[in-house]
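Structure first, commentary second.
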Number of protein chains: 2
Amino acid sequence: MRRHWLSLFGRQSKPPPIAELMNLALTQPGLIYLAAGFTDPDTLPIEEVRFIVDDVLSDENCVKSALQYGSTKGLPKLRELTAERLQRVDLGLPPGVADADRVVITHGSQQLLYLLIEALCDPGDVVLVEDPTYFVFLGLLEGRGVKTHGVKLTPDGVDLDHFDYVLRRLVSSGEIKRLKLFYIVTYAHNPTGIVWSFVKKAAVLERLLRIEKLAGHPVFLVEDAAYRDLLFENRHENSALKISDSKARVIYVGTYTKPFATGIRVGFGLLPPQLIDPVLNIKANHDFGTSQFIQYVVCRALESGLYERHLGVLHEHYRAKALVMKDAIEKWFPSYIDVWHPTGGLYYWIRLPRHQCTGPRSKLFRTALRQGVLYVPGCYCYARDPWRKVPNHEMRLSFGSASASEIQKGVKRLGEVIKSISSYHTRRQT
Amino acid sequence: MRRHWLSLFGRQSKPPPIAELMNLALTQPGLIYLAAGFTDPDTLPIEEVRFIVDDVLSDENCVKSALQYGSTKGLPKLRELTAERLQRVDLGLPPGVADADRVVITHGSQQLLYLLIEALCDPGDVVLVEDPTYFVFLGLLEGRGVKTHGVKLTPDGVDLDHFDYVLRRLVSSGEIKRLKLFYIVTYAHNPTGIVWSFVKKAAVLERLLRIEKLAGHPVFLVEDAAYRDLLFENRHENSALKISDSKARVIYVGTYTKPFATGIRVGFGLLPPQLIDPVLNIKANHDFGTSQFIQYVVCRALESGLYERHLGVLHEHYRAKALVMKDAIEKWFPSYIDVWHPTGGLYYWIRLPRHQCTGPRSKLFRTALRQGVLYVPGCYCYARDPWRKVPNHEMRLSFGSASASEIQKGVKRLGEVIKSISSYHTRRQT
């Protein structure tokens with residue numbers, strides 16, 4: 001048999017949809033960019049990083065270690081601080097949960113997601129995701145030939161009735177034997193901005209544990225808390241780690257650099273004990289450990305209190321920008337749209353009536369682009385799930401990197417486009 | 001069928017053998033460590049990095065970009081400098097070869113190797129390596145279920161007769177259809193310290209191109225030049241990029257941080273045009289781009305000339321330490337051993353007579369450990385090739401991180417152990 005020169009993964013991995021949008025942006029100068037999940041360049045902690053690096057390089061006890069190879073698992077001090085911080089934020093975690101030994105440091109939280117899928121999923125295995133979810137994760141799954149099914153999202157987590165329906169269908173189709181994990185984004189969810197209630201997380205984990213007998217193997221709950229430190233209020237809904245039997249099944253994923261300086265890239269995972277070695281063995285082959293230098297920067301940011309102080313600044317900044325976007329949406333968008341107001345993070349989620357398509361080939365998207373405004377089409381955020389059609393009438397708007405006046409101008413233009421296309425439809429129907 | 005809870009990769013990926021050695025080291029305080037490929041902590045460019053970081057963070061034109069997301073491919077300026085530097089070092093490269101568009105920046109050169117194997121190899125595919133070779137790469141291949149065959153190494157590259165034999169055997173066994181690439185380490189080779197001659201590289205590429213018709217697809221030559229900047233002399237044997245038809249088949253892999261500061265971790269690849277997108281699509285799923293912050297540090301090190309200046313310091317330092325090890329070996333090792341003298345890098349390669357086993361379970365290894373000295377057993381550096389037995393009578397000694405007096409003491413202890421075990425064998429045989 002003639003083999004392809006590329007591997008299966010080499011053939012199946014596609015550019016992330018956001019790259020396609022970036023290319024569009026390049027061809028259209030002056031575009032207002034409400035698409036990317038970039039943080040605001042005005043909030044970057046330049047002075048803080050300067051202070052910290054100077055501190056690290058002046059400290060004889062750590063400078064040599066900062067410029068040398070470290071361990072695959074990550075800087076011990078950073079792993080300790082991570083465990084301590086979780087213990088503080090997730091008040092009352094059961095003993096043994098927030099344990100530095102369970103923490104693995106990665107090159108951004110994205111790398112941890114990749115390692116997890118590598119360690120757990122073969123092509124043809126099944127992963128459950130929220131409908132909608134973080135689209136880069138969907139690309140990762142598709143690239144590796146993993147099948148996905150979506151579970152409907154409501155403002156406090158997934159719809160449990162729909163989850164039960166999906167589980168029953170997995171059982172009847174036999175796919176339950178291939179179900180490896182359920183991936184959820186629990187704080188200031190990307191793209192909808194919601195916060196999961198603790199009760200829902202517990203209900204989901206309980207159902208997963210119940211289904212394991214039919215699956216024939218452990219089924220994990222992956223809690224992606226990437227936006228937890230970007231919540232506007234200190235609304236510390238507990239993580240799934242708080243659930244008493246979480247230790248063997250909950251994988252908690254976080255990042256320090258999304259809310260601090262995305263260019264530094266340090267993420268982490270708190271893993272069930274049995275997953276630590278498989279993940280580390282693969283990471284050793286990726287890079288035998290994340291850059292010590294950037295780990296030290298994050299470590300000092302935490303130790304010195306500069307990290308927490310910076311979060312305070314950010315919250316105020318983003319809350320204000322979210323308000324600017326809210327006001328603009330109320331002013332310029334038609335009143336019949338459904339707006340999901342974020343609890344944090346960087347995004348508004350907008351639902352139009354079903355007939356108003358927002359996809360990259362839709363009249364709305366193309367007209368908006370011509371008018372100089374770019375959004376993320378909602379369809380990008382849905383798994384390719386054969387059990388339902390991909391919704392095509394939503395959009396994600398980011399207030400992360402755009403300035404207040406760009407947000408106002410961008411939302412105005414977009415509102416006008418939506419109204420003009422809506423009236424076009426109305427005219428055609430009458 | 002009952003599925004395992006881990007994926008195939010999750011089950012097959014093993015801890016690197018060096019990790020096993022590290023654990024041994026922990027149980028034996030005061031151990032002299034001639035095993036790891038760590039660079040000397042005394043050579044770390046602390047002042048240089050401090051100057052550079054301050055420079056980057058003070059420069060309004062780049063500070064925001066340094067702390068923000070970049071592109072998956074890497075910092076444009078760093079890609080340009082990489083292409084320019086290759087053009088300078090590899091005098092007379094054919095036009096279009098040293099092209100910034102073909103450069104991809106990665107989180108250490110190890111990540112590039114991982115991405116390549118992901119993009120090119122399915123489980124069951126075949127990769128050729130040198131006998132012996134870089135053992136972490138072997139672990140990577142095994143973790144992904146890739147088959148390996150070894151080609152004998154001589155002091156100027158592989159033995160071409162043996163290479164021809166291996167190719168014929170691949171054809172007759174049908175495995176040629178699965179052959180994807182030949183991985184070679186061409187400058188101050190790990191573990192033997194040799195430099196490949198340009199003529200040998202050309203001869204290897206020519207044979208690979210000839211065999212492609214039988215393979216039915218492109219077969220790549222991966223040139224790992226990780227130790228090129230650690231050559232003691234400016235012995236600039238050209239890379240395989242110089243070969244006139246290299247563009248479509250040669251993958252060149254390099255690193256900036258092995259000879260500068262391993263804790264920073266920035267590597268790169270110069271890829272054939274058709275491989276760039278597949279590699280980037282996978283990298284986007286890994287981490288959507290290497291930390292901009294550490295890329296800026298390396299970029300400034302190159303621009304300011306501090307990188308090249310540091311190489312000069314290093315060469316002198318390592319040449320002196322290599323001499324210390326040479327003298328110690330001549331003084332303390334039995335005269336019948338075969339010593340491969342390095343042209344650069346961090347290692348001596350020692351061959352004992354075939355009956356003197358050096359493996360991790362050998363009497364020699366265990367006695368040496370009890371006497372407080374650790375080396376890398378040569379067997380770790382050989383692929384699991386069913387066509388030959390793994391040689392078990394060699395060792396890699398590193399002069400990278402040990403001090404001069406540790407090198408002297410360690411080699412003395414090791415020499416005494418070798419002699420004592422040798423005389424034990426001689427006594428038994430008589």
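As shown in the structure tokens, the chain order sets the letters A, B, ...; within each chain, residues go from 1, and ligands are also counted from 1 in the order they appear.
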Excluding B:Glu212 and residues on its chain fewer than 3 positions from it, collect all residues at most 12 Å away from it, counting only C-alpha atoms, and give them as a list in words.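 Answer for this query is Trp5 of chain A; Leu167, Val171, Ile176, Lys177, Arg178, Leu179, Lys180, Leu181, Leu205, Glu206, Arg207, Leu208, Leu209, Ala215, Gly216, His217, Pro218, Val219, Phe220 and Arg249 of chain B.
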Enumerate as a list of chain:residue names all residues of stretch 71-157 of chain A assigned to strand (DSSP E or B) by DSSP on the backbone, naming them with the chain letters and numbers the document uses.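 Selecting the strand (DSSP E or B) positions of stretch 71-157 of chain A gives A:Val103, A:Val104, A:Ile105, A:Thr106, A:Val126, A:Val127, A:Leu128, A:Val129, A:Glu130, A:Asp131, A:Lys147, A:Thr148, A:His149, A:Gly150, A:Val151, A:Lys152, A:Leu153, A:Thr154, A:Pro155, A:Gly157.
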Contacts of B:Ile407 at 8 Å (only C-alpha atoms; same-chain gap of 5+ positions) as a compact mmCIF listing (two decimals) with all heavy atoms, in the first residue's frame:
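Ended up saving to around17.txt:
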# COMPACT_ATOMS: atom_id res chain seq x y z
N ILE B 32 29.99 12.16 41.79
CA ILE B 32 30.54 12.98 40.70
C ILE B 32 29.79 12.63 39.42
O ILE B 32 29.69 11.47 39.02
CB ILE B 32 32.05 12.74 40.53
CG1 ILE B 32 32.76 13.28 41.79
CG2 ILE B 32 32.57 13.48 39.29
CD1 ILE B 32 34.24 13.10 41.76
N LEU B 34 29.30 12.64 35.80
CA LEU B 34 29.84 12.76 34.44
C LEU B 34 28.80 12.31 33.42
O LEU B 34 29.13 11.89 32.32
CB LEU B 34 31.12 11.93 34.32
CG LEU B 34 32.25 12.26 35.32
CD1 LEU B 34 33.46 11.36 35.10
CD2 LEU B 34 32.66 13.74 35.22
N VAL B 324 41.50 18.62 30.31
CA VAL B 324 41.60 18.05 31.66
C VAL B 324 41.12 16.60 31.64
O VAL B 324 41.75 15.70 32.19
CB VAL B 324 40.76 18.88 32.67
CG1 VAL B 324 40.65 18.16 34.00
CG2 VAL B 324 41.35 20.27 32.84
N MET B 325 39.99 16.38 30.95
CA MET B 325 39.45 15.01 30.91
C MET B 325 40.38 14.09 30.11
O MET B 325 40.61 12.94 30.48
CB MET B 325 38.04 15.01 30.33
CG MET B 325 37.36 13.65 30.44
SD MET B 325 35.59 13.67 30.03
CE MET B 325 34.84 13.81 31.65
N ALA B 328 43.30 13.13 32.24
CA ALA B 328 42.88 12.20 33.30
C ALA B 328 42.65 10.81 32.72
O ALA B 328 43.02 9.79 33.32
CB ALA B 328 41.63 12.72 33.99
N PHE B 399 32.08 16.43 30.26
CA PHE B 399 32.86 17.43 31.00
C PHE B 399 32.10 18.75 31.07
O PHE B 399 32.67 19.80 31.36
CB PHE B 399 34.24 17.64 30.37
CG PHE B 399 34.22 17.84 28.87
CD1 PHE B 399 34.04 19.10 28.33
CD2 PHE B 399 34.37 16.76 28.02
CE1 PHE B 399 34.00 19.29 26.96
CE2 PHE B 399 34.34 16.94 26.63
CZ PHE B 399 34.15 18.21 26.10
N ALA B 402 30.67 19.34 35.36
CA ALA B 402 31.62 19.03 36.44
C ALA B 402 32.79 20.01 36.39
O ALA B 402 33.19 20.47 35.33
CB ALA B 402 32.12 17.59 36.30
Give me every helix (DSSP H, G or I) residue in stretch 353-418 of chain A, going by DSSP on the backbone, as a list in words.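 Taking stretch 353-418 of chain A and keeping helix (DSSP H, G or I) only, one gets Lys363, Leu364, Phe365, Arg366, Thr367, Ala368, Leu369, Arg370, Gly378, Cys379, Tyr380, Cys381, Ala404, Ser405, Glu406, Ile407, Gln408, Lys409, Gly410, Val411, Lys412, Arg413, Leu414, Gly415, Glu416, Val417 and Ile418 of chain A.
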Spatial neighbours of B:Lys242, max dist 9 Å, only C-alpha atoms, sep filter under 5 positions, as JSON, numbers by chain: {"B": [90, 91, 92, 93, 94, 97, 198, 202]}
If we count only C-alpha atoms, what is near stretch 299-310 of chain B at a cut-off of 7 Å, once residues fewer than 3 positions away on the same chain are taken out, given as a list in words?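 So, after excluding close chain neighbours, the residues are Glu48, Ile52, Leu78, Gln295, Tyr296, Val313 and Leu314 of chain B.
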Go ahead and write the selection's residues with N, CA, C and O atoms as a compact mmCIF listing (two decimals), in the first residue's frame.
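Generated output (out-v8.txt):
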# COMPACT_ATOMS: atom_id res chain seq x y z
N GLU B 48 25.12 39.35 30.72
CA GLU B 48 24.61 39.56 29.36
C GLU B 48 23.08 39.53 29.36
O GLU B 48 22.44 40.37 28.74
N ILE B 52 20.52 42.51 28.37
CA ILE B 52 19.58 42.31 27.25
C ILE B 52 18.14 42.54 27.69
O ILE B 52 17.37 43.22 27.01
N LEU B 78 13.81 37.45 14.64
CA LEU B 78 14.65 36.31 15.02
C LEU B 78 14.76 35.31 13.86
O LEU B 78 15.83 34.73 13.63
N GLN B 295 12.09 34.68 23.15
CA GLN B 295 12.54 34.92 21.77
C GLN B 295 13.22 36.28 21.66
O GLN B 295 14.22 36.43 20.97
N TYR B 296 12.67 37.28 22.33
CA TYR B 296 13.29 38.62 22.30
C TYR B 296 14.67 38.59 22.95
O TYR B 296 15.59 39.26 22.47
N VAL B 313 34.06 32.74 24.54
CA VAL B 313 34.39 32.41 25.93
C VAL B 313 34.17 30.92 26.19
O VAL B 313 35.01 30.22 26.78
N LEU B 314 33.03 30.44 25.73
CA LEU B 314 32.68 29.03 25.93
C LEU B 314 33.70 28.09 25.31
O LEU B 314 34.11 27.10 25.91
Residue with smallest distance to B:Tyr336 - pool B:Arg210, B:Lys77, B:Arg88, B:Arg354, counting only C-alpha atoms: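 Counting only C-alpha atoms, the residue closest to B:Tyr336 is B:Arg354.
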What's around B:Phe268 at 10 Å? Count only C-alpha atoms, leave out sequence neighbours fewer than 2 positions away in its own chain, and write the answer as an NGL selection string. :B and (73-74 or 78-79 or 82 or 103-113 or 226 or 252-256 or 266 or 270-271)
What separation in Å, quoted to one decimal, exists between atom CA of A:Gly344 and atom CA of A:His393?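 Between atom CA of A:Gly344 and atom CA of A:His393 the gap is 23.0 Å.
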Using only C-alpha atoms, which of B:Gly378, B:Pro334, B:Gly263, B:Pro391 sits nearest chain A?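 The closest residue to chain A is B:Gly263.
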Go ahead and compute the interatomic distance for atom CA of B:Ser362 and atom CA of B:Gly400, in Å to one decimal. 24.8 Å
Nearest residue to chain A out of B:Val185, B:Leu6, B:Ala25, B:Leu397, using only C-alpha atoms?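 Of all the options, B:Leu6 lies closest to chain A.
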Correct to one decimal, the distance atom CA of A:Met22-atom CA of A:Leu374 is 9.5 Å
Can you pull out every residue within 12 Å of A:Tyr318, counting only C-alpha atoms, but drop anything in the same chain fewer than 3 positions away, and send it as an MDAnalysis selection string? chainID A and resid 39:40 42:43 229:233 259 311:315 321:326 342:347 398:404
Let's have the selection written as a CSV table (one decimal), in the first residue's frame, with N, CA, C and O atoms.
chain,number,residue,atom,x,y,z
A,39,THR,N,-4.9,40.1,25.3
A,39,THR,CA,-5.1,41.0,26.4
A,39,THR,C,-4.7,42.4,26.0
A,39,THR,O,-4.1,42.6,25.0
A,40,ASP,N,-5.1,43.4,26.7
A,40,ASP,CA,-4.9,44.8,26.4
A,40,ASP,C,-3.4,45.1,26.6
A,40,ASP,O,-2.9,45.0,27.7
A,42,ASP,N,-2.2,47.9,26.9
A,42,ASP,CA,-2.0,48.9,27.9
A,42,ASP,C,-1.9,48.4,29.4
A,42,ASP,O,-1.6,49.1,30.3
A,43,THR,N,-2.3,47.1,29.5
A,43,THR,CA,-2.3,46.6,30.9
A,43,THR,C,-1.0,45.7,31.2
A,43,THR,O,-0.9,45.1,32.2
A,229,ASP,N,-8.7,33.9,36.9
A,229,ASP,CA,-8.1,35.1,37.5
A,229,ASP,C,-8.5,36.4,36.8
A,229,ASP,O,-8.1,37.5,37.1
A,230,LEU,N,-9.3,36.2,35.8
A,230,LEU,CA,-9.9,37.4,35.1
A,230,LEU,C,-11.3,37.6,35.4
A,230,LEU,O,-12.0,38.4,34.7
A,231,LEU,N,-11.9,37.0,36.4
A,231,LEU,CA,-13.2,37.3,36.9
A,231,LEU,C,-13.3,38.7,37.4
A,231,LEU,O,-12.4,39.2,38.1
A,232,PHE,N,-14.3,39.5,37.0
A,232,PHE,CA,-14.4,40.9,37.5
A,232,PHE,C,-14.6,41.0,39.0
A,232,PHE,O,-14.0,41.9,39.6
A,233,GLU,N,-15.4,40.1,39.5
A,233,GLU,CA,-15.6,40.1,41.0
A,233,GLU,C,-14.9,38.9,41.6
A,233,GLU,O,-14.7,37.9,40.9
A,259,PRO,N,-3.5,36.3,32.4
A,259,PRO,CA,-3.9,37.6,33.1
A,259,PRO,C,-2.7,38.4,33.4
A,259,PRO,O,-2.9,39.5,34.0
A,311,LEU,N,-3.6,41.7,39.2
A,311,LEU,CA,-5.0,41.3,38.9
A,311,LEU,C,-6.0,42.3,39.3
A,311,LEU,O,-7.0,42.6,38.5
A,312,GLY,N,-5.8,43.0,40.4
A,312,GLY,CA,-6.7,44.1,40.8
A,312,GLY,C,-6.8,45.2,39.7
A,312,GLY,O,-7.9,45.6,39.4
A,313,VAL,N,-5.6,45.6,39.2
A,313,VAL,CA,-5.6,46.6,38.2
A,313,VAL,C,-6.4,46.1,36.9
A,313,VAL,O,-7.2,46.8,36.4
A,314,LEU,N,-6.1,44.9,36.6
A,314,LEU,CA,-6.8,44.3,35.4
A,314,LEU,C,-8.3,44.2,35.5
A,314,LEU,O,-9.0,44.6,34.6
A,315,HIS,N,-8.8,43.8,36.7
A,315,HIS,CA,-10.2,43.6,36.9
A,315,HIS,C,-10.9,45.0,36.7
A,315,HIS,O,-11.9,45.0,36.0
A,321,LYS,N,-14.0,48.3,30.4
A,321,LYS,CA,-14.1,48.1,29.0
A,321,LYS,C,-15.4,47.2,28.7
A,321,LYS,O,-16.0,47.4,27.6
A,322,ALA,N,-15.7,46.3,29.5
A,322,ALA,CA,-16.9,45.5,29.3
A,322,ALA,C,-18.1,46.4,29.3
A,322,ALA,O,-19.1,46.2,28.6
A,323,LEU,N,-18.1,47.4,30.2
A,323,LEU,CA,-19.2,48.3,30.3
A,323,LEU,C,-19.3,49.2,29.1
A,323,LEU,O,-20.4,49.4,28.6
A,324,VAL,N,-18.2,49.6,28.5
A,324,VAL,CA,-18.2,50.3,27.3
A,324,VAL,C,-18.9,49.5,26.2
A,324,VAL,O,-19.7,50.0,25.4
A,325,MET,N,-18.5,48.2,26.1
A,325,MET,CA,-19.1,47.4,25.1
A,325,MET,C,-20.6,47.2,25.3
A,325,MET,O,-21.4,47.2,24.4
A,326,LYS,N,-20.9,47.0,26.6
A,326,LYS,CA,-22.4,46.8,26.9
A,326,LYS,C,-23.2,48.0,26.5
A,326,LYS,O,-24.2,47.8,25.8
A,342,PRO,N,-20.8,39.0,30.3
A,342,PRO,CA,-19.7,38.2,30.9
A,342,PRO,C,-19.6,38.5,32.4
A,342,PRO,O,-19.8,39.6,32.8
A,343,THR,N,-19.1,37.5,33.1
A,343,THR,CA,-18.7,37.7,34.5
A,343,THR,C,-17.2,38.0,34.7
A,343,THR,O,-16.7,38.1,35.8
A,344,GLY,N,-16.5,38.0,33.5
A,344,GLY,CA,-15.1,38.2,33.6
A,344,GLY,C,-14.6,37.9,32.2
A,344,GLY,O,-15.4,37.8,31.2
A,345,GLY,N,-13.3,37.7,32.1
A,345,GLY,CA,-12.7,37.3,30.8
A,345,GLY,C,-12.7,38.5,29.8
A,345,GLY,O,-12.6,39.7,30.2
A,346,LEU,N,-12.8,38.2,28.6
A,346,LEU,CA,-12.6,39.2,27.5
A,346,LEU,C,-13.8,39.2,26.5
A,346,LEU,O,-13.6,39.9,25.5
A,347,TYR,N,-14.9,38.5,26.7
A,347,TYR,CA,-15.8,38.3,25.6
A,347,TYR,C,-17.3,38.6,25.9
A,347,TYR,O,-17.7,38.3,27.0
A,398,SER,N,-14.7,40.5,21.4
A,398,SER,CA,-13.7,40.6,22.4
A,398,SER,C,-13.5,42.1,22.7
A,398,SER,O,-13.4,42.9,21.8
A,399,PHE,N,-13.5,42.4,24.0
A,399,PHE,CA,-13.1,43.8,24.4
A,399,PHE,C,-11.6,43.8,25.0
A,399,PHE,O,-11.2,44.7,25.7
A,400,GLY,N,-10.9,42.7,24.7
A,400,GLY,CA,-9.6,42.5,25.2
A,400,GLY,C,-8.6,43.6,24.8
A,400,GLY,O,-8.1,44.4,25.6
A,401,SER,N,-8.3,43.6,23.5
A,401,SER,CA,-7.2,44.4,23.0
A,401,SER,C,-7.6,45.7,22.4
A,401,SER,O,-6.9,46.7,22.3
A,402,ALA,N,-8.9,45.8,22.0
A,402,ALA,CA,-9.4,47.1,21.4
A,402,ALA,C,-9.5,48.2,22.4
A,402,ALA,O,-9.8,47.9,23.6
A,403,SER,N,-9.3,49.4,22.0
A,403,SER,CA,-9.4,50.5,22.9
A,403,SER,C,-10.9,50.9,23.1
A,403,SER,O,-11.8,50.4,22.3
A,404,ALA,N,-11.2,51.7,24.1
A,404,ALA,CA,-12.6,52.0,24.3
A,404,ALA,C,-13.3,52.7,23.1
A,404,ALA,O,-14.4,52.3,22.7
Nearest to chain B by atom-to-atom distance, counting only C-alpha atoms, from A:His286, A:Lys258, A:Lys152, A:Lys247: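 Going through A:His286, A:Lys258, A:Lys152, A:Lys247 one by one, the smallest distance to chain B is for A:His286.
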